[in-house]
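Undergrad: Okay, so here is coords-v1.csv, and as you'll see once you scroll down, it has CSV, C-alpha atoms and all ligand atoms.
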chain,number,residue,atom,x,y,z
A,1,SER,CA,93.0,80.4,88.1
A,2,ASP,CA,92.8,84.0,88.8
A,3,ASN,CA,91.7,83.1,92.3
A,4,ILE,CA,94.7,80.9,92.8
A,5,ASN,CA,97.0,83.6,91.8
A,6,ARG,CA,95.7,85.8,94.5
A,7,GLY,CA,97.5,83.6,96.9
A,8,TYR,CA,97.0,81.9,100.2
A,9,GLY,CA,96.2,84.9,102.3
A,10,ALA,CA,93.5,86.0,99.9
A,11,ARG,CA,92.1,82.5,99.6
A,12,TYR,CA,91.8,82.3,103.4
A,13,GLY,CA,90.2,85.7,103.4
A,14,PHE,CA,92.7,87.6,105.4
A,15,SER,CA,94.7,89.5,102.9
A,16,ARG,CA,95.6,93.1,103.9
A,17,ARG,CA,92.7,94.4,102.0
A,18,GLY,CA,90.1,93.2,104.4
A,19,VAL,CA,89.9,90.2,106.7
A,20,ARG,CA,87.1,87.9,105.9
A,21,GLY,CA,85.4,90.5,103.7
A,22,ASN,CA,86.9,89.2,100.5
A,23,PHE,CA,86.8,85.5,101.3
A,24,ILE,CA,87.1,83.4,98.2
A,25,PRO,CA,85.9,79.9,98.3
A,26,PRO,CA,88.3,77.1,97.5
A,27,ILE,CA,88.7,76.1,93.9
A,28,LYS,CA,89.0,72.7,92.5
A,29,SER,CA,92.5,72.4,91.0
A,30,ASN,CA,93.6,70.1,88.2
A,31,GLY,CA,93.4,66.8,90.1
A,32,GLY,CA,90.0,67.6,91.4
A,33,SER,CA,91.3,68.0,95.0
A,34,THR,CA,90.3,71.2,96.7
A,35,GLY,CA,92.8,74.0,96.5
A,36,THR,CA,93.6,74.4,100.1
A,37,MET,CA,94.8,72.2,102.9
A,38,SER,CA,92.3,73.3,105.5
A,39,ALA,CA,89.5,72.4,103.1
A,40,ARG,CA,90.8,68.8,102.9
A,41,VAL,CA,91.2,68.6,106.6
A,42,ALA,CA,88.0,70.0,107.7
A,43,GLY,CA,86.1,68.9,104.7
A,44,LYS,CA,84.0,72.0,104.8
A,45,GLY,CA,86.0,74.7,103.0
A,46,ASP,CA,88.1,77.5,104.1
A,47,ASP,CA,85.6,79.2,106.3
A,48,ALA,CA,86.1,76.2,108.6
A,49,LEU,CA,89.0,78.1,110.1
A,50,ASP,CA,88.0,79.4,113.4
A,51,ASP,CA,88.9,82.8,114.7
A,52,SER,CA,92.0,81.8,116.7
A,53,THR,CA,93.5,79.8,113.8
A,54,ARG,CA,92.8,82.7,111.5
A,55,ARG,CA,94.4,85.1,113.8
A,56,CYS,CA,97.4,82.9,114.2
A,57,LEU,CA,97.9,82.6,110.4
A,58,GLU,CA,97.5,86.3,110.1
A,59,MET,CA,100.3,86.9,112.4
A,60,LEU,CA,102.6,84.8,110.3
A,61,CYS,CA,101.8,86.6,107.1
A,62,GLY,CA,104.4,88.9,105.5
A,63,PRO,CA,103.9,92.6,104.8
A,64,ASP,CA,102.1,91.6,101.6
A,65,GLY,CA,99.5,89.8,103.6
A,66,GLU,CA,100.6,86.5,102.2
A,67,LEU,CA,101.6,83.4,104.2
A,68,PRO,CA,105.2,82.6,103.6
A,69,GLU,CA,105.9,79.9,101.1
A,70,LYS,CA,107.1,77.4,103.7
A,71,LEU,CA,103.8,77.4,105.5
A,72,ARG,CA,101.4,77.3,102.6
A,73,ASN,CA,101.0,73.5,102.4
A,74,LEU,CA,100.8,72.9,106.1
A,75,GLU,CA,97.6,72.3,108.0
A,76,PRO,CA,96.5,75.4,109.8
A,77,ARG,CA,95.7,73.6,113.0
A,78,LEU,CA,99.3,72.3,113.2
A,79,ILE,CA,100.6,75.8,112.6
A,80,GLU,CA,98.3,77.0,115.4
A,81,HIS,CA,99.5,74.3,117.7
A,82,ILE,CA,103.1,75.3,117.1
A,83,SER,CA,102.4,78.9,117.6
A,84,ASN,CA,100.4,78.5,120.8
A,85,GLU,CA,101.9,75.5,122.6
A,86,ILE,CA,105.4,75.1,121.3
A,87,MET,CA,106.6,78.6,120.7
A,88,ASP,CA,107.6,80.9,123.5
A,89,ARG,CA,108.4,84.4,122.5
A,90,ASP,CA,109.9,85.4,125.8
A,91,PRO,CA,111.5,82.4,127.6
A,92,ASN,CA,112.5,84.7,130.4
A,93,VAL,CA,115.7,82.9,131.5
A,94,ARG,CA,119.0,84.6,131.6
A,95,TRP,CA,122.6,83.4,132.2
A,96,ASP,CA,122.4,84.7,135.7
A,97,ASP,CA,119.6,82.4,136.6
A,98,ILE,CA,121.8,79.4,136.0
A,99,ALA,CA,124.1,78.2,138.7
A,100,GLY,CA,127.6,77.0,137.8
A,101,LEU,CA,128.1,75.5,134.3
A,102,GLU,CA,130.6,78.2,133.5
A,103,HIS,CA,132.3,76.1,130.8
A,104,ALA,CA,129.0,75.5,129.0
A,105,LYS,CA,128.0,79.1,129.2
A,106,LYS,CA,131.3,80.2,127.7
A,107,CYS,CA,131.1,77.8,124.8
A,108,VAL,CA,127.5,78.5,124.1
A,109,THR,CA,128.1,82.3,124.1
A,110,GLU,CA,130.7,82.1,121.5
A,111,MET,CA,129.3,79.3,119.4
A,112,VAL,CA,125.6,80.3,119.4
A,113,ILE,CA,124.7,83.6,120.9
A,114,TRP,CA,127.2,85.8,119.1
A,115,PRO,CA,126.4,84.3,115.7
A,116,LEU,CA,122.7,84.8,116.3
A,117,LEU,CA,123.4,88.4,117.3
A,118,ARG,CA,125.9,89.1,114.5
A,119,PRO,CA,125.2,86.9,111.5
A,120,ASP,CA,127.2,89.3,109.4
A,121,ILE,CA,130.4,88.6,111.2
A,122,PHE,CA,129.9,84.9,111.7
A,123,LYS,CA,130.0,83.7,108.2
A,124,GLY,CA,132.5,81.9,106.0
A,125,CYS,CA,135.2,80.5,108.2
A,126,ARG,CA,133.4,81.7,111.2
A,127,SER,CA,130.1,80.2,110.3
A,128,PRO,CA,128.7,78.5,113.3
A,129,GLY,CA,127.3,74.9,113.6
A,130,ARG,CA,123.6,74.8,113.6
A,131,GLY,CA,123.2,71.9,115.9
A,132,LEU,CA,124.1,71.7,119.6
A,133,LEU,CA,123.7,68.7,121.8
A,134,LEU,CA,123.4,69.1,125.6
A,135,PHE,CA,123.8,65.8,127.4
A,136,GLY,CA,124.0,64.7,131.0
A,137,PRO,CA,121.8,63.6,133.9
A,138,PRO,CA,118.2,64.8,134.1
A,139,GLY,CA,117.4,68.0,135.9
A,140,THR,CA,120.8,69.6,135.5
A,141,GLY,CA,119.8,72.7,133.6
A,142,LYS,CA,119.8,71.7,130.0
A,143,THR,CA,116.4,73.2,129.3
A,144,MET,CA,117.4,76.3,131.2
A,145,ILE,CA,120.4,76.7,129.0
A,146,GLY,CA,118.2,76.4,125.9
A,147,LYS,CA,115.9,79.1,127.2
A,148,ALA,CA,118.7,81.3,128.2
A,149,ILE,CA,120.3,81.0,124.8
A,150,ALA,CA,117.0,82.2,123.2
A,151,GLY,CA,116.7,84.9,125.9
A,152,GLU,CA,120.2,86.2,125.5
A,153,ALA,CA,120.1,86.1,121.7
A,154,LYS,CA,116.7,87.6,121.5
A,155,ALA,CA,115.5,84.6,119.6
A,156,THR,CA,112.1,82.9,119.5
A,157,PHE,CA,112.2,79.7,121.6
A,158,PHE,CA,110.5,76.5,120.4
A,159,TYR,CA,110.3,73.6,122.9
A,160,ILE,CA,109.2,70.1,121.9
A,161,SER,CA,109.7,66.8,123.6
A,162,ALA,CA,110.6,64.2,121.0
A,163,SER,CA,108.8,61.5,122.9
A,164,SER,CA,105.5,63.5,122.4
A,165,LEU,CA,106.1,63.3,118.7
A,166,THR,CA,105.9,59.6,118.8
A,167,SER,CA,103.3,59.2,121.6
A,168,LYS,CA,100.9,62.1,121.4
A,169,TRP,CA,101.2,62.8,117.7
A,170,ILE,CA,101.1,59.3,116.5
A,171,GLY,CA,101.0,59.3,112.7
A,172,GLU,CA,101.2,63.1,112.6
A,173,GLY,CA,104.7,63.6,113.9
A,174,GLU,CA,106.2,64.2,110.4
A,175,LYS,CA,103.6,66.9,109.7
A,176,LEU,CA,104.2,68.5,113.0
A,177,VAL,CA,108.0,68.5,112.5
A,178,ARG,CA,107.5,70.2,109.1
A,179,ALA,CA,105.2,72.8,110.7
A,180,LEU,CA,107.7,73.3,113.5
A,181,PHE,CA,110.6,74.1,111.2
A,182,GLY,CA,108.3,76.1,108.9
A,183,VAL,CA,107.1,78.4,111.7
A,184,ALA,CA,110.7,78.7,113.1
A,185,THR,CA,111.8,79.9,109.6
A,186,CYS,CA,109.3,82.7,109.9
A,187,ARG,CA,110.3,83.6,113.4
A,188,GLN,CA,114.1,84.0,113.1
A,189,PRO,CA,116.3,84.1,114.9
A,190,ALA,CA,114.9,81.0,116.4
A,191,VAL,CA,116.1,78.3,118.8
A,192,ILE,CA,114.4,74.9,118.5
A,193,PHE,CA,114.9,72.8,121.6
A,194,VAL,CA,114.2,69.1,121.2
A,195,ASP,CA,114.1,67.4,124.6
A,196,GLU,CA,114.8,63.6,124.7
A,197,ILE,CA,116.2,63.8,121.3
A,198,ASP,CA,117.5,60.3,121.6
A,199,SER,CA,113.9,59.0,121.3
A,200,LEU,CA,113.8,60.6,117.8
A,201,LEU,CA,117.3,59.9,116.6
A,202,SER,CA,118.2,56.7,118.3
A,203,GLN,CA,120.3,54.1,116.6
A,204,ARG,CA,118.1,51.3,117.6
A,205,LYS,CA,116.8,49.8,114.5
A,206,SER,CA,114.6,47.0,113.2
A,207,GLU,CA,112.7,45.5,116.2
A,208,GLY,CA,110.2,48.0,117.5
A,209,GLU,CA,111.2,50.6,115.0
A,210,HIS,CA,108.0,51.2,113.1
A,211,GLU,CA,107.9,52.5,109.6
A,212,SER,CA,106.3,55.7,110.9
A,213,SER,CA,109.1,56.5,113.4
A,214,ARG,CA,111.7,55.8,110.7
A,215,ARG,CA,109.9,58.3,108.5
A,216,LEU,CA,109.7,60.8,111.3
A,217,LYS,CA,113.4,60.5,111.8
A,218,THR,CA,114.1,61.0,108.1
A,219,GLN,CA,111.9,64.0,108.0
A,220,PHE,CA,113.7,65.5,110.9
A,221,LEU,CA,117.1,65.0,109.4
A,222,ILE,CA,115.9,66.5,106.1
A,223,GLU,CA,114.6,69.6,107.9
A,224,MET,CA,117.9,70.0,109.8
A,225,GLU,CA,119.9,69.6,106.5
A,226,GLY,CA,117.7,72.3,105.0
A,227,PHE,CA,118.8,75.0,107.3
A,228,ASP,CA,122.3,73.7,107.9
A,229,THR,CA,123.5,75.1,104.6
A,230,GLY,CA,121.3,78.1,104.1
A,231,SER,CA,121.5,81.5,105.6
A,232,GLU,CA,118.7,80.8,108.1
A,233,GLN,CA,119.3,81.9,111.7
A,234,ILE,CA,118.0,78.8,113.3
A,235,LEU,CA,119.7,76.8,116.0
A,236,LEU,CA,118.7,73.3,116.9
A,237,ILE,CA,119.4,72.2,120.4
A,238,GLY,CA,119.0,68.5,121.3
A,239,ALA,CA,118.9,67.5,124.9
A,240,THR,CA,119.4,63.9,126.1
A,241,ASN,CA,120.4,61.8,129.1
A,242,ARG,CA,121.1,58.9,126.8
A,243,PRO,CA,123.7,60.3,124.4
A,244,GLN,CA,125.0,56.8,123.8
A,245,GLU,CA,121.8,56.0,121.9
A,246,LEU,CA,122.3,58.6,119.2
A,247,ASP,CA,123.5,57.3,115.9
A,248,GLU,CA,126.2,58.6,113.7
A,249,ALA,CA,123.9,60.7,111.5
A,250,ALA,CA,122.5,62.4,114.5
A,251,ARG,CA,126.0,63.1,116.0
A,252,ARG,CA,127.2,64.5,112.7
A,253,ARG,CA,124.4,67.1,112.6
A,254,LEU,CA,124.8,68.0,116.2
A,255,THR,CA,128.3,69.4,115.7
A,256,LYS,CA,128.8,70.8,119.2
A,257,ARG,CA,128.2,68.5,122.1
A,258,LEU,CA,128.4,69.8,125.6
A,259,TYR,CA,128.4,67.7,128.8
A,260,ILE,CA,126.1,69.3,131.4
A,261,PRO,CA,127.2,67.5,134.6
A,262,LEU,CA,125.6,67.3,138.0
A,263,PRO,CA,125.7,70.6,139.8
A,264,SER,CA,128.7,71.2,142.0
A,265,SER,CA,128.2,71.6,145.7
A,266,GLU,CA,128.3,75.4,145.2
A,267,ALA,CA,125.8,75.2,142.4
A,268,ARG,CA,123.5,73.0,144.6
A,269,ALA,CA,123.6,75.6,147.4
A,270,TRP,CA,122.7,78.3,144.8
A,271,ILE,CA,119.8,76.3,143.5
A,272,ILE,CA,118.4,75.6,147.0
A,273,ARG,CA,118.8,79.2,148.0
A,274,ASN,CA,117.2,80.5,144.8
A,275,LEU,CA,114.2,78.2,144.7
A,276,LEU,CA,113.3,78.8,148.4
A,277,LYS,CA,113.9,82.5,148.1
A,278,LYS,CA,111.6,82.8,145.1
A,279,ASP,CA,108.7,81.6,147.3
A,280,GLY,CA,109.7,83.6,150.4
A,281,LEU,CA,110.6,80.4,152.2
A,282,LEU,CA,114.3,80.9,152.7
A,283,LYS,CA,115.2,80.9,156.4
A,284,LEU,CA,118.2,78.6,156.4
A,285,SER,CA,121.6,79.8,157.4
A,286,GLN,CA,124.7,79.3,155.2
A,287,ASP,CA,125.9,76.5,157.5
A,288,GLU,CA,122.6,74.7,157.2
A,289,ILE,CA,122.6,75.0,153.4
A,290,ASP,CA,126.2,73.6,153.4
A,291,THR,CA,125.0,70.7,155.5
A,292,ILE,CA,122.2,70.0,153.0
A,293,CYS,CA,124.7,70.3,150.1
A,294,ASN,CA,126.9,67.6,151.6
A,295,LEU,CA,123.9,65.2,151.5
A,296,THR,CA,122.7,65.8,148.0
A,297,GLU,CA,125.3,64.8,145.5
A,298,GLY,CA,123.4,63.3,142.6
A,299,SER,CA,120.0,64.5,143.7
A,300,ASP,CA,117.5,66.1,141.4
A,301,MET,CA,117.6,69.5,143.2
A,302,LYS,CA,114.3,70.9,142.1
A,303,ASN,CA,112.4,67.8,143.1
A,304,LEU,CA,114.2,67.7,146.4
A,305,VAL,CA,113.4,71.3,147.3
A,306,LYS,CA,109.8,70.7,146.3
A,307,GLU,CA,109.6,67.7,148.6
A,308,ALA,CA,111.4,69.4,151.5
A,309,SER,CA,109.1,72.4,151.3
A,310,MET,CA,106.1,70.1,151.9
A,311,GLY,CA,107.5,69.3,155.3
A,312,PRO,CA,106.2,72.3,157.2
A,313,LEU,CA,102.8,72.1,155.4
A,314,ARG,CA,102.3,68.4,156.3
A,315,GLU,CA,103.3,69.1,159.9
A,316,ALA,CA,100.8,71.9,160.3
A,317,LEU,CA,98.0,69.7,158.9
A,318,ILE,CA,99.0,66.9,161.3
A,319,GLN,CA,98.7,69.3,164.2
A,320,GLY,CA,95.0,69.6,163.2
A,321,ILE,CA,94.8,72.8,161.2
A,322,GLU,CA,92.4,72.4,158.4
A,323,ILE,CA,93.8,73.0,154.9
A,324,THR,CA,91.1,75.5,154.1
A,325,LYS,CA,91.9,77.6,157.2
A,326,LEU,CA,95.7,77.2,157.0
A,327,GLN,CA,97.6,80.5,157.1
A,328,LYS,CA,101.1,81.0,155.9
A,329,GLU,CA,102.1,81.9,159.4
A,330,ASP,CA,100.9,78.5,160.7
A,331,MET,CA,103.8,76.9,158.9
A,332,ARG,CA,107.3,76.8,160.4
A,333,PRO,CA,110.3,77.5,158.1
A,334,VAL,CA,111.8,74.8,155.9
A,335,SER,CA,114.5,73.1,157.9
A,336,VAL,CA,117.5,70.8,157.4
A,337,GLN,CA,115.4,68.0,158.8
A,338,ASP,CA,112.9,68.5,156.0
A,339,PHE,CA,115.6,68.0,153.5
A,340,GLU,CA,116.8,64.9,155.3
A,341,ASN,CA,113.3,63.5,155.2
A,342,ALA,CA,112.9,64.4,151.6
A,343,LEU,CA,116.1,62.7,150.4
A,344,PRO,CA,114.8,59.1,150.5
A,345,GLU,CA,111.6,60.2,148.8
A,346,VAL,CA,113.3,61.8,145.8
A,347,ARG,CA,115.1,59.4,143.6
A,348,PRO,CA,118.6,60.5,142.6
A,349,SER,CA,118.3,61.6,139.0
A,350,VAL,CA,121.3,59.4,138.3
A,351,SER,CA,123.3,57.0,140.3
A,352,LEU,CA,126.9,58.1,140.8
A,353,SER,CA,128.1,54.9,139.2
A,354,GLU,CA,126.2,55.8,136.0
A,355,LEU,CA,128.1,59.0,135.6
A,356,TYR,CA,130.9,57.1,133.9
A,357,ILE,CA,128.7,56.6,130.9
A,358,PHE,CA,128.4,60.3,130.4
A,359,GLU,CA,132.1,60.9,131.1
A,360,ASP,CA,133.1,58.2,128.7
A,361,TRP,CA,130.8,59.5,125.9
A,362,ASN,CA,132.1,63.0,126.6
A,363,LYS,CA,135.7,61.8,126.1
A,364,LYS,CA,134.8,60.1,122.8
A,365,PHE,CA,132.4,62.6,121.3
A,366,GLY,CA,132.1,65.7,123.5
A,367,SER,CA,133.3,69.1,122.5
A,368,LEU,CA,135.9,70.0,125.0
A,369,SER,CA,136.0,73.7,124.1
B,401,LIG,P1,117.1,69.3,132.3
B,401,LIG,O1,116.6,70.0,131.1
B,401,LIG,O2,118.6,69.2,132.3
B,401,LIG,O3,116.4,68.0,132.6
B,401,LIG,P2,116.1,71.7,133.6
B,401,LIG,O4,116.8,72.7,132.9
B,401,LIG,O5,114.6,71.5,133.2
B,401,LIG,O6,116.8,70.2,133.6
B,401,LIG,O7,116.1,71.9,135.2
B,401,LIG,C1,115.1,71.6,136.1
B,401,LIG,C2,115.0,72.6,137.2
B,401,LIG,O8,116.1,72.4,138.1
B,401,LIG,C3,115.1,74.0,136.7
B,401,LIG,O9,113.8,74.5,136.4
B,401,LIG,C4,115.8,74.7,137.9
B,401,LIG,O10,114.8,75.1,138.8
B,401,LIG,C5,116.7,73.6,138.5
B,401,LIG,N1,118.1,73.7,138.0
B,401,LIG,C6,118.7,72.7,137.5
B,401,LIG,N2,120.0,73.0,137.2
B,401,LIG,C7,120.1,74.3,137.5
B,401,LIG,C8,121.2,75.2,137.4
B,401,LIG,N3,122.4,74.9,137.0
B,401,LIG,N4,121.0,76.4,137.9
B,401,LIG,C9,119.8,76.8,138.4
B,401,LIG,N5,118.7,76.0,138.5
B,401,LIG,C10,118.9,74.7,138.1
For this file, produce the structure as structure tokens.

TA:
Amino acid sequence: SDNINRGYGARYGFSRRGVRGNFIPPIKSNGGSTGTMSARVAGKGDDALDDSTRRCLEMLCGPDGELPEKLRNLEPRLIEHISNEIMDRDPNVRWDDIAGLEHAKKCVTEMVIWPLLRPDIFKGCRSPGRGLLLFGPPGTGKTMIGKAIAGEAKATFFYISASSLTSKWIGEGEKLVRALFGVATCRQPAVIFVDEIDSLLSQRKSEGEHESSRRLKTQFLIEMEGFDTGSEQILLIGATNRPQELDEAARRRLTKRLYIPLPSSEARAWIIRNLLKKDGLLKLSQDEIDTICNLTEGSDMKNLVKEASMGPLREALIQGIEITKLQKEDMRPVSVQDFENALPEVRPSVSLSELYIFEDWNKKFGSLS
């Protein structure tokens, strides 16, 4: 029992006093199961942890060399996955990178960024909601807003796509969700961005809803509840282009709901200019950009720019230049015609007639300020 009292860090052999050196083998506890999670997973004992997992756990240890309580019963490989694949310490997006959406920026600054920067002021009556829903057509900047929030609030950013929880992590989704919230607790302030949140918290029941996805949903709501009341500095952002599928429980927890509409003509111009400029491909005049903007209401702008920028490349290849010998100078600048050719290739992210669904939902459930 003395060994148990030495805690998780010591048992994994990375307490401050010497990594690996004082490794203590797992001990059988009362029920006869081995004392640590990794032992059960790997079936070999604690030394089954490889170097990268060990390093990852070490980084999450407190000053006492111990792993925080919340992480102790989680599988090390899930903690590692969260730290390496889902966590982004520097999301590198700022408000200035986002075109338009002034209303959303203003709301989010007051509701989310200030409270994350000054938790001492935003308490009591001023205590902020912990859940934010961004809804609207795909490709309109919802993920960018999530990253910018984390960037502006100097918070750690966690990105997870809810559909990956049900597809890629079949049967393990619950454990991953627990690990996600556990690691976020240790990395506060934190922003957890859940893309396609409708696939996790949808109101569709019975047919097709497996026991496992119901459990996943319950686990998720429990985790949200957990930090809703506490003093944790964790913000959950859900993004969806199917807000109408969220059930009441989900809506209740996502207290602020912002409509992220299609970009205005001005914002579309900005996006085209910016994406081309980033790659040194911008040779279009303002008039030409205006012409393109008039053609692109409802388009997924990033995909459109991507497709248009292939025009000059394809043309050079048709003229007989080999791809391996192709020089940048062999390609003419991207033209209005390239955009016109790209338009039919890039499906609009939403048909204009579908927009009423968002507008309608916004009227019913959206936060107008
Ligand atoms: P969503 O999460 O809404 O599906 P994203 O935030 O991933 O969309 O945006 C996709 C891409 O489109 C971004 O990486 C960016 O290049 C471009 N984009 C979309 N909306 C904007 C915007 N308002 N300002 C600047 N770029 C944008």

Undergrad: Give the answer as one residue: which of A:Thr291, A:Thr109, A:Ser285, A:Ser351 has the shortest atom-to-atom distance to A:Pro333, using only C-alpha atoms?

TA: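 Among A:Thr291, A:Thr109, A:Ser285, A:Ser351, it is A:Ser285 that comes nearest to A:Pro333.
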
Undergrad: For ligand LIG 401 (chain B), list the contacting residues at 9 Å or closer, counting all atoms listed in the file, as number ranges by chain.

TA: A: 96-101, 134-147, 195, 239-241, 260, 262-264, 267-268, 270-272, 274-275, 300-303

Undergrad: Which distance in Å separates atom CA of A:Gln219 and atom CA of A:Glu174, to one decimal?

TA: 6.2 Å

Undergrad: Have a look at A:Ile292, A:Cys186, A:Ser231, A:Tyr356 and name the one nearest to A:Gly124; count all atoms listed in the file.

TA: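 Looking at the shortest contact to A:Gly124, the residue is A:Ser231.
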
Undergrad: Mind giving me the straight-line distance from atom CA of A:Arg178 to atom CA of A:Arg55 in Å, one decimal?

TA: 20.4 Å

Undergrad: I need the residue nearest A:Asp198 from this list: A:Glu245, A:Leu235, A:Cys61, A:Lys364. Use only C-alpha atoms for the distance.

TA: A:Glu245

Undergrad: Smallest atom-to-atom distance to A:Arg118: which of A:Ala269, A:Leu258, A:Ile357, A:Ala153, using all atoms listed in the file?

TA: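 Among A:Ala269, A:Leu258, A:Ile357, A:Ala153, it is A:Ala153 that comes nearest to A:Arg118.
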
Undergrad: Which one is closest to A:Trp361: A:Arg251, A:Gln286, A:Glu322, A:Pro243? Count all atoms listed in the file.

TA: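 Smallest separation from A:Trp361 among the options: A:Pro243.
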
Undergrad: Atom CA of A:Ile192 to atom CA of A:Pro63: how many Å, to one decimal?

TA: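 Atom-to-atom, atom CA of A:Ile192 and atom CA of A:Pro63 are spaced 24.7 Å apart.
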
Undergrad: Which of these, A:Thr324, A:Ile82, A:Leu254, A:Val191, has the shortest distance to A:Gly366 once you count all atoms listed in the file?

TA: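 Answer, going by the shortest atom-to-atom distance: A:Leu254.
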
Undergrad: Got a sec: who's within 8 Å of A:Asp90, counting only C-alpha atoms, leaving out chain neighbours fewer than 6 positions off, as a compact mmCIF listing (two decimals) with C-alpha atoms, keeping the file's coordinate frame?

TA:
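Written out: around_1.txt:
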# COMPACT_ATOMS: atom_id res chain seq x y z
CA GLY A 151 116.70 84.90 125.90
CA THR A 156 112.10 82.90 119.50
CA PHE A 157 112.20 79.70 121.60

Undergrad: Quick one: everything within 12 Å of A:Glu172, counting all atoms listed in the file, minus sequence neighbours fewer than 2 positions away in the same chain. Send it as a list in words.

TA: Leu74, Glu75, Arg77, Leu78, Ser164, Leu165, Thr166, Ser167, Lys168, Trp169, Ile170, Glu174, Lys175, Leu176, Val177, Arg178, Ala179, Ser212, Ser213, Arg215, Leu216 and Gln219 of chain A

Undergrad: Would you list the residues near (128.4, 81.1, 104.9), meaning any protein, DNA or RNA residue with an atom at most 12 Å from that point in file coordinates, counting all atoms listed in the file, as a list of chain:residue names?

TA: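 Counting all atoms listed in the file, I find these residues within 12 Å of (128.4, 81.1, 104.9): A:Pro115, A:Pro119, A:Asp120, A:Ile121, A:Phe122, A:Lys123, A:Gly124, A:Cys125, A:Arg126, A:Ser127, A:Pro128, A:Gly129, A:Arg130, A:Phe227, A:Asp228, A:Thr229, A:Gly230, A:Ser231, A:Glu232, A:Gln233.
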
Undergrad: Every residue with an atom at most 9 Å from (111.9, 70.9, 113.9) (file coordinates; all atoms listed in the file) is what I'm after, so could you write them as a PDB file with C-alpha atoms, in the coordinates of the input?

TA:
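Produced file point-v5.pdb, reproduced below:
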ATOM      1  CA  PHE A 158     110.500  76.500 120.400  1.00  0.00           C
ATOM      2  CA  ILE A 160     109.200  70.100 121.900  1.00  0.00           C
ATOM      3  CA  LEU A 176     104.200  68.500 113.000  1.00  0.00           C
ATOM      4  CA  VAL A 177     108.000  68.500 112.500  1.00  0.00           C
ATOM      5  CA  ARG A 178     107.500  70.200 109.100  1.00  0.00           C
ATOM      6  CA  ALA A 179     105.200  72.800 110.700  1.00  0.00           C
ATOM      7  CA  LEU A 180     107.700  73.300 113.500  1.00  0.00           C
ATOM      8  CA  PHE A 181     110.600  74.100 111.200  1.00  0.00           C
ATOM      9  CA  GLY A 182     108.300  76.100 108.900  1.00  0.00           C
ATOM     10  CA  ALA A 184     110.700  78.700 113.100  1.00  0.00           C
ATOM     11  CA  ILE A 192     114.400  74.900 118.500  1.00  0.00           C
ATOM     12  CA  PHE A 193     114.900  72.800 121.600  1.00  0.00           C
ATOM     13  CA  VAL A 194     114.200  69.100 121.200  1.00  0.00           C
ATOM     14  CA  PHE A 220     113.700  65.500 110.900  1.00  0.00           C
ATOM     15  CA  GLU A 223     114.600  69.600 107.900  1.00  0.00           C
ATOM     16  CA  MET A 224     117.900  70.000 109.800  1.00  0.00           C
ATOM     17  CA  LEU A 236     118.700  73.300 116.900  1.00  0.00           C
TER      18      LEU A 236
END

Undergrad: So which residues touch A:Asp338 within 12 Å, counting all atoms listed in the file, skipping near sequence neighbours fewer than 2 positions away, as a VMD selection string?

TA: chain A and resid 284 288 to 289 292 304 to 315 332 to 336 340 to 345

Undergrad: Generate the missing atoms of stretch 334-344 of chain A up to N, CA and C atoms and report them as a tab-separated table (two decimals), keeping the file's coordinate frame.

TA:
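Final output, rebuild17.tsv:
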chain	number	residue	atom	x	y	z
A	334	VAL	N	111.18	76.02	156.44
A	334	VAL	CA	111.80	74.80	155.90
A	334	VAL	C	113.11	74.54	156.63
A	335	SER	N	113.33	73.32	157.14
A	335	SER	CA	114.50	73.10	157.90
A	335	SER	C	115.44	72.00	157.27
A	336	VAL	N	116.62	71.85	157.85
A	336	VAL	CA	117.50	70.80	157.40
A	336	VAL	C	116.85	69.44	157.47
A	337	GLN	N	116.13	69.26	158.59
A	337	GLN	CA	115.40	68.00	158.80
A	337	GLN	C	114.47	67.69	157.62
A	338	ASP	N	113.79	68.74	157.12
A	338	ASP	CA	112.90	68.50	156.00
A	338	ASP	C	113.64	67.97	154.79
A	339	PHE	N	114.85	68.48	154.58
A	339	PHE	CA	115.60	68.00	153.50
A	339	PHE	C	116.07	66.53	153.71
A	340	GLU	N	116.44	66.25	154.98
A	340	GLU	CA	116.80	64.90	155.30
A	340	GLU	C	115.67	63.92	155.07
A	341	ASN	N	114.46	64.37	155.45
A	341	ASN	CA	113.30	63.50	155.20
A	341	ASN	C	112.98	63.37	153.75
A	342	ALA	N	113.27	64.41	153.00
A	342	ALA	CA	112.90	64.40	151.60
A	342	ALA	C	113.84	63.49	150.76
A	343	LEU	N	115.09	63.41	151.22
A	343	LEU	CA	116.10	62.70	150.40
A	343	LEU	C	115.67	61.29	149.97
A	344	PRO	N	115.19	60.43	150.92
A	344	PRO	CA	114.80	59.10	150.50
A	344	PRO	C	113.60	59.09	149.53
